[in-house]
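Chemist: Below are the structure tokens for one structure; questions will follow.
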Amino acid sequence: MSLDPSLYINRELSWLEFNARVLHEAFDPRNRLLERLKFLSIFSTNLDEFYMVRVAGLRRQIAAGVQHVPPDGMTPADQLAAILTHVAELVAQQQECLYDVLLPELEEHGIRLVHMEELTPEEWQRVDQFFESQVFPVLTPLAVDPGHPFPYISNLSLSLAVQIYDPATDTTRFARVKVPRSLPRWIPFGRPNQFVPLERLIGANLGALFPGMEIRGFNTFRVTRYSDLELSHSDEDDDLLTIIEEQVFQRRFAEVVRVEVQRGTPPELRELLLAELLEDQPPEMPALTEADLVETGPLLELGDLMWLSMMEIPELRDPPFIPATPPELRDPNRSIFEAIREKDILVHHPYDSFSASVEHFLTSAAIDPNVLAIKMTLYRTSGDTAIVRALTEAAQRGKQVAVLIELQARFDEVNNITWARTLEGFGVHVAYGTPGLKTHTKTVLVVRREPDGIRRYVHIGSGNYNSKTARLYTDLGLLTCNPSMGADLTDLFNSLTGFSRQVPYRNLLVAPQNMRQRFTEMVDREADNASQGKPARIIAKMNALVDPDIIQHLYEASQAGVDIDLIVRGICCLRPGIEGVSDRIKVISIVGRFLEHSRIFYFANNGDEELYFGSADWMPRNFDRRVEVITPILDRSLHSRVCALLETSLSDNRLAWDLLPDGTYVQRKPGSRPVVSAHERFLENSWGQQQLAPGHENGAERRQPDSEVGRQSAVPTSSS
């Protein structure tokens with residue numbers, strides 16, 4: 001089948017549809033109020049990253065004259081124009097959600113963002129004291145005149161553009177005051193759950209910064225800069241740590257791709273900002289125009305609303321939950337190694353405890369005198385965690401500890417550089433990966449001396465070794481001492497830290513070596529089985545489906561008679577339900593309390609079902625430009641749990657959205673049927689107590705959605 005642009009959805013527009021679903025959660029009155037505020041914050045930070053990476057990348061392609069056209073046929077200029085139109089619609093919805101819906105509802109519960117004019121004299125005195133003692137010493141007013149060039153504006157920093165009249169010279173001047181991120185954004189002043197935004201407090205005290213001047217007005221603004229890393233082939237033979245550190249420093253001065261201004265900013269101030277920022281642009285980059293200027297409401301930097309959403313008001317937040325300890329690990333008198341030797345252990349985060357499984361595995365390995373070596377890949381981790389402490393403890397006890405740290409983990413580069421140096425300081429062998437490839441796989445190998453010889457224990461996961469995100473993201477993890485798994489991971493670590501070019505693996509699907517080929521073969525096998533009248537079905541759960549080659553094979557499998565269910569949280573470039581092409585393919589997206597992050601793959605295989613999970617989405621970067629691992633679940637006693645997980649997700653009629661052939665999504669509605677929320681079901685029944693959903697007794701069985709499909713009226717329909 002040749003590539004037909006009409007059969008593919010544009011990657012960038014599909015991502016915007018995903019962020020629209022996030023924004024919908026902020027509108028949805030079924031969610032608790034502070035959770036809705038949280039989703040609005042997430043929508044905002046998502047959009048920031050989209051501009052820093054995707055929009056900036058398109059602008060660079062246009063500037064360089066690159067005419068890379070994706071399978072959907074849209075040129076970079078076409079994509080950028082469509083993005084700006086769609087973003088304008090979404091930002092308008094965001095503003096409506098915040099000012100017309102959320103803030104009024106929050107006020108009904110006593111939560112307010114207050115204007116300075118509303119303060120009583122006593123409250124004014126309180127915030128003035130805070131300004132003088134905490135804020136004023138930190139501020140640095142920067143004037144703009146012939147002797148003071150326009151100041152550098154850092155990425156995503158919130159600033160005040162101040163118009164100042166100098167009576168001595170009868171001139172009006174401009175100054176910039178940066179709102180410091182080192183101070184809290186929301187300033188309490190004595191009323192419970194009421195706050196003054198920091199920028200309003202600064203604005204009310206500008207006279208202290210410019211004595212003798214007349215403040216004519218001020219408005220907030222914010223810039224977004226290109227923030228991706230670009231390693232050239234010439235860099236690959238150099239010191240990768242030094243190269244990354246240099247690029248992280250240099251990207252602070254990258255080109256501006258968006259200017260946000262407060263609604264009501266005077267035209268002359270808008271023109272000044274664009275003109276001065278244009279002067280700062282690299283000459284090879286596109287000029288900033290009015291189209292790159294985004295007018296927003298009184299508040300900018302809405303990602304900071306996350307702090308407010310975390311206030312301890314139980315009736316306005318999701319009820320807390322305690323992750324369950326896996327049943328296999330509940331016996332305090334049995335070591336985790338004994339439990340793994342008895343049987344493979346599969347954990348489902350955040351419902352199953354990360355600390356009682358993954359962290360327990362590593363801390364036990366660190367102090368066990370029989371453990372000889374620990375090898376691990378780290379893509380993203382969090383703070384001074386039990387994992388980092390376990391690695392340093394193990395090294396100090398004389399064990400061989402090798403950690404592959406991915407320095408190119410986007411926006412975690414500085415954090416990972418810090419942890420790399422910390423681990424090296426404790427004697428851990430730190431490697432930085434394979435040149436030209438990001439190491440995205442989530443794997444641990446523990447080598448242990450036992451009475452019957454050396455045994456290798458393994459953890460393979462779909463999520464990062466990060467205790468914070470492990471409570472927010474849904475992920476799978478497998479603990480096993482299967483010899484072939486241990487041998488495969490040994491070969492993988494040898495290839496990552498040494499000069500091995502291992503290609504064949506016994507069980508694991510490893511990118512870029514064999515993963516694309518194996519997935520393609522399994523999809524084609526289902527197509528062959530269906531064409532011969534044999535049982536055939538595919539269920540695949542992932543974050544993104546972009547790869548045009550795998551999409552083509554899915555189309556061909558559908559035409560051969562394979563029923564295909566795809567659970568794709570974010571970007572999906574496949575068009576389901578096209579007559580004669582993808583009739584048998586259904587796509588849903590689940591957006592809710594937890595971020596769906598697990599990647600799971602089911603193949604019916606003529607009744608001899610195969611189940612896989614791991615770190616890779618079906619995207620070109622995962623197949624070709626990253627080190628990824630997908631593992632089979634060899635212990636068939638675990639299959640029913642994973643099939644139940646998949647079928648519960650497919651039956652969801654509370655959080656699930658159906659993708660239509662035109663690229664839009666509609667949220668399912670229960671109608672008269674019982675509400676099925678996958679997240680609530682898993683919270684109520686962790687795997688230790690979970691019953692099989694109907695239809696699993698003989699493996700994953702295709703079912704119609706247990707819901708009615710309809711548009712949710714809370715958000716304008718065209719972009720939701």
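Ligands are numbered from 1 in the order shown, residues from 1 within each chain, and chains are lettered A, B, ... in the order they appear in the structure tokens.
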Do a neighbour search on Ser41 (chain A) at 7 Å with only C-alpha atoms, toss out local chain neighbours closer than 5 positions, and write the hits as a count of residues only.
Modeler: 5
Chemist: Need the shell around Leu611 (chain A): protein/DNA/RNA residues with any atom at most 6 Å away, counting only C-alpha atoms. Skip same-chain ones fewer than 2 positions apart. Format as an MDAnalysis selection string?
Modeler: chainID A and resid 601:602 632:633
Chemist: Give me, as a PyMOL selection string, all polymer residues having an atom no more than 7 Å from region 348-358 of chain A, counting only C-alpha atoms and skipping those fewer than 2 positions away in the same chain.
Modeler: chain A and resi 323-326+346+360-362+467+470-477+682-683+686
Chemist: Looking only at the backbone, which of the residues in region 219-413 of chain A does DSSP tag as alpha helix (DSSP H), as a ChimeraX atom specification?
Modeler: /A:240-250,267-280,305-309,336-342,360-367,386-396,413
Chemist: Which residues are near region 266-280 of chain A? Cut-off 7 Å, only C-alpha atoms, ignore same chain within fewer than 3 positions. Put them as a PyMOL selection string.
Modeler: chain A and resi 150+287-288
Chemist: Can you work out which one of A:Val458, A:Met311, A:Met522, A:Leu299 has the shortest atom-to-atom distance to Gly264 (chain A), counting only C-alpha atoms?
Modeler: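 Closest candidate: A:Leu299.
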Chemist: Give me, as a PyMOL selection string, the residues of region 174-353 of chain A that a backbone DSSP run labels strand (DSSP E).
Modeler: chain A and resi 174-178+186-188+194-197+214-225+256-262+293-296+345-349
Chemist: Taking only C-alpha atoms into account, name the residue in A:Pro167, A:Gly570, A:Gly461, A:Gly580 that is nearest to Gly614 (chain A).
Modeler: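 Nearest candidate to Gly614 (chain A) out of A:Pro167, A:Gly570, A:Gly461, A:Gly580: A:Gly461.
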Chemist: When distances are computed from only C-alpha atoms, which of A:Leu84, A:Ile336, A:Ile460, A:Leu478 shows the smallest separation from Met376 (chain A)?
Modeler: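 With only C-alpha atoms as the atom set, the closest residue is A:Ile460.
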Chemist: Within 6 Å of region 196-205 of chain A, counting only C-alpha atoms, which residues qualify if same-chain residues fewer than 3 places away don't, as a PyMOL selection string?
Modeler: chain A and resi 113-114+185-187+208
Chemist: Can you pull out every residue within 12 Å of Gln125 (chain A), counting only C-alpha atoms, but drop anything in the same chain fewer than 5 positions away, and send it as a list of chain:residue names?
Modeler: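 So the residues in contact are A:Met116, A:Leu119, A:Thr120, A:Phe130, A:Phe131, A:Glu132, A:Phe189, A:Gly190, A:Leu201.
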Chemist: Counting only C-alpha atoms, what is within 9 Å of Gln79 (chain A), bar same-chain residues fewer than 3 positions away, as JSON, numbers by chain?
Modeler: {"A": [10, 12, 13, 58, 74, 75, 76, 82, 83, 84]}
Chemist: Hey, which of A:Gly297, A:Gly427, A:Pro319, A:Gly463 ends up closest to Ser598 (chain A)? Count only C-alpha atoms.
Modeler: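 Once distances to Ser598 (chain A) are computed over only C-alpha atoms, the minimum belongs to A:Gly463.
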Chemist: What is the distance, in Å and to one decimal place, between CA of Arg636 (chain A) and CA of Asn605 (chain A)?
Modeler: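 Atom-to-atom, CA of Arg636 (chain A) and CA of Asn605 (chain A) are spaced 14.1 Å apart.
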Chemist: Would you compute the distance between CA of Cys481 (chain A) and CA of Ser462 (chain A)? Give it in Å to one decimal.
Modeler: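 Distance between the two atoms: 18.1 Å.
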Chemist: Calculate how many Å separate CA of Gly671 (chain A) from CA of Arg317 (chain A), rounding to one decimal.
Modeler: 25.5 Å
